[in-house]
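Visitor: Right, I'll just put the structure down here and ask away after.
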Amino acid sequence: MSNAYNRPDQLSAELRDRVLQAAKRRGYPGPDPVARSLRTRKAGAVGLLLTEALSYSFRDPAAMSFLSGLAESCEAAGQGLLLIPAGPGREEADAAAVVQQAGVDGFVVYSVADDDPYLAAVCERHLPMVVCDQPREIPGASLIGIDDRGAMRGLADYLIGLGHRDIGVLSMRLGRDRSDGVADAERLRSPNFHVQRERIEGVRDAMADAGLDPQTLTVVERFEHTGKAGHAAAAQALGVNPRITALVCTTDVLALGALDWARWQGIDVPGQLSVTGFDGVDDALREGLTTVRQPQEEKGRRAGALLMSPSHSGVATVEMLETELLRGSTAGPARR
């Protein structure tokens with residue numbers, strides 16, 4: 001019977017069919033997958049460590065695209081996919097227990113803070129690991145990412161070329177602790193999320209090279225990544241500095257919220273205020289948002305492919321994918 005399930009090439013098709021039919025009549029479903037995994041030491045699944053609650057991966061458009069690409073790679077390789085939500089508000093003891101109990105052959109880490117306890121627990125498993133976006137320096141882990149700083153620098157150069165001198169940034173959270181408000185110099189120096197830090201620094205680089213003082217940049221942080229958060233952040237940024245003529249958002253989700261606020265206020269975009277995003281999600285493209293498009297789905301595909309085809313040299317692989325500046329209808333010359 002074992003050959004019928006595990007080594008079908010050892011039996012004729014007719015004999016194997018008779019064995020399987022007999023097993024079915026006796027109510028035998030086949031070898032226990034748990035027992036098989038103990039014998040082979042293979043779980044047949046990939047663990048995806050998320051930076052947010054589980055529902056986030058099915059709600060956030062960029063996360064959904066990444067998940068779709070990763071699932072495609074897993075499907076092609078005949079592997080399962082186990083989602084492990086990390087992020088703020090989770091206890092270190094819980095993290096260790098959840099990660100240790102995950103029956104996976106390796107981990108994909110998707111945009112997690114460098115001080116997240118779930119990440120520390122994953123590293124202690126000593127399984128193959130691929131990081132997408134952040135953190136950037138995990139010994140032995142391969143990396144899939146983009147040049148966040150350079151991409152945002154290109155977007156900021158474009159705005160400065162349009163005459164914008166007073167710029168505000170709406171940012172996703174800079175740390176695991178809750179903070180909703182203007183990010184001061186100390187907050188900007190010590191965030192635990194590499195991606196947000198690099199995108200803000202890209203704007204500051206462009207300002208410095210244009211002879212503008214980067215210290216005048218108004219950065220408003222939001223803990224939640226929602227359109228509602230972008231709406232509130234836009235109101236706060238313009239309340240702090242009414243001279244702002246361009247809002248640079250570190251994600252399209254925040255930018256769409258900022259556009260909603262501008263419409264609510266009767267502010268003409270881009271005549272009175274330019275608004276830009278980052279990601280290139282479908283909703284942003286439909287709105288004509290000026291944004292940076294990044295290949296989120298391809299990130300997922302490449303992360304899965306790297307994890308399931310590790311380098312035989314044992315050297316971690318780093319792949320930086322291309323981005324594209326999309327000059328939409330929400331950015332225009334600065335108002336006088």
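Convention: chains lettered A, B, ... in structure tokens order; per-chain residue numbering from 1; ligands numbered from 1 as shown.
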Name all residues at most 12 Å from Arg336 of chain A (count only C-alpha atoms; drop same-chain ones fewer than 4 positions away) and give them as a list in words.

Guide: Leu162, Gly163, His164, Arg165, Asp166, Arg243, Ile244, Thr245, Gly271, Gln272 and Leu273 of chain A

Visitor: Contacts of Gly280 of chain A at 8 Å or less, counting only C-alpha atoms, minus same-chain residues fewer than 2 places along, as JSON, numbers by chain?

Guide: {"A": [252, 277, 278, 282, 284, 285, 291, 292, 293, 294]}

Visitor: Would you mind exporting the chosen residues as a PDB file, in the first residue's frame, restricted to N, CA and C atoms?

Guide:
```
ATOM      1  N   ASP A 252       0.374  55.461  -1.656  1.00  0.00           N
ATOM      2  CA  ASP A 252      -0.811  55.911  -2.387  1.00  0.00           C
ATOM      3  C   ASP A 252      -2.040  55.973  -1.493  1.00  0.00           C
ATOM      4  N   GLY A 277       1.859  60.347  -4.458  1.00  0.00           N
ATOM      5  CA  GLY A 277       1.862  59.105  -3.691  1.00  0.00           C
ATOM      6  C   GLY A 277       3.085  58.262  -3.984  1.00  0.00           C
ATOM      7  N   PHE A 278       2.978  56.985  -3.616  1.00  0.00           N
ATOM      8  CA  PHE A 278       4.063  56.034  -3.854  1.00  0.00           C
ATOM      9  C   PHE A 278       3.474  54.629  -3.811  1.00  0.00           C
ATOM     10  N   ASP A 282      -3.854  50.322  -8.167  1.00  0.00           N
ATOM     11  CA  ASP A 282      -4.880  50.555  -9.185  1.00  0.00           C
ATOM     12  C   ASP A 282      -5.744  51.770  -8.879  1.00  0.00           C
ATOM     13  N   ALA A 284      -5.000  54.431  -7.296  1.00  0.00           N
ATOM     14  CA  ALA A 284      -4.223  55.653  -7.541  1.00  0.00           C
ATOM     15  C   ALA A 284      -4.152  55.954  -9.039  1.00  0.00           C
ATOM     16  N   LEU A 285      -3.962  54.928  -9.842  1.00  0.00           N
ATOM     17  CA  LEU A 285      -3.882  55.128 -11.285  1.00  0.00           C
ATOM     18  C   LEU A 285      -5.216  55.615 -11.833  1.00  0.00           C
ATOM     19  N   THR A 291       2.629  59.583  -8.940  1.00  0.00           N
ATOM     20  CA  THR A 291       3.131  58.610  -7.986  1.00  0.00           C
ATOM     21  C   THR A 291       4.360  57.891  -8.527  1.00  0.00           C
ATOM     22  N   VAL A 292       4.944  57.073  -7.701  1.00  0.00           N
ATOM     23  CA  VAL A 292       6.023  56.174  -8.113  1.00  0.00           C
ATOM     24  C   VAL A 292       5.435  54.768  -8.152  1.00  0.00           C
ATOM     25  N   ARG A 293       5.518  54.144  -9.301  1.00  0.00           N
ATOM     26  CA  ARG A 293       5.012  52.783  -9.422  1.00  0.00           C
ATOM     27  C   ARG A 293       6.144  51.792  -9.135  1.00  0.00           C
ATOM     28  N   GLN A 294       5.872  50.862  -8.224  1.00  0.00           N
ATOM     29  CA  GLN A 294       6.848  49.820  -7.935  1.00  0.00           C
ATOM     30  C   GLN A 294       6.212  48.457  -8.223  1.00  0.00           C
TER      31      GLN A 294
END
```

Visitor: Looking only at the backbone, which of the residues in segment 65-269 of chain A does DSSP tag as helix (DSSP H, G or I), as a VMD selection string?

Guide: chain A and resid 65 to 77 92 to 101 117 to 125 148 to 161 185 to 189 194 to 209 214 to 216 227 to 240 252 to 265

Visitor: Please list as number ranges by chain every residue within 9 Å of Thr290 of chain A, counting only C-alpha atoms and excluding residues in the same chain fewer than 6 positions away.

Guide: A: 155, 274-278, 280, 284, 325-331

Visitor: Find the spatial neighbours of Gly257 of chain A, counting only C-alpha atoms, within a cut-off of 12 Å - ignore same-chain residues fewer than 4 positions away - and output them as a VMD selection string.

Guide: chain A and resid 170 222 225 to 235 247 249 251 to 253 261 to 264 275 to 277 283 to 284 287 289

Visitor: Of the residues A:Leu212, A:Ala96, A:Met320, A:Leu259, which is the one nearest to Arg302 of chain A, using only C-alpha atoms?

Guide: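 Among the listed residues, the smallest separation from Arg302 of chain A belongs to A:Met320.
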
Visitor: Could you name the residues that touch Thr216 of chain A at 12 Å or less, counting only C-alpha atoms, but leaving out those on the same chain fewer than 5 positions away, as a list of chain:residue names?

Guide: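 Once the nearby chain positions are removed, what remains is A:Arg165, A:Asp166, A:Ile167, A:Gly168, A:Val169, A:Asp184, A:Ala185, A:Val203, A:Arg204, A:Met207, A:Ala208, A:Gly211, A:Val240, A:Asn241, A:Arg243, A:Ile244.
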
Visitor: Taking the DSSP secondary structure from the backbone, can you list the residues of segment 87-259 of chain A that are strand (DSSP E), as a PyMOL selection string?

Guide: chain A and resi 107-110+129-132+142-146+167-171+181-182+218-221+246-249

Visitor: Please determine, counting only C-alpha atoms, which residue among A:Gly106, A:Glu224, A:Val269, A:Asp147 has the shortest atom-to-atom distance to Tyr56 of chain A.

Guide: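 Nearest to Tyr56 of chain A: A:Glu224.
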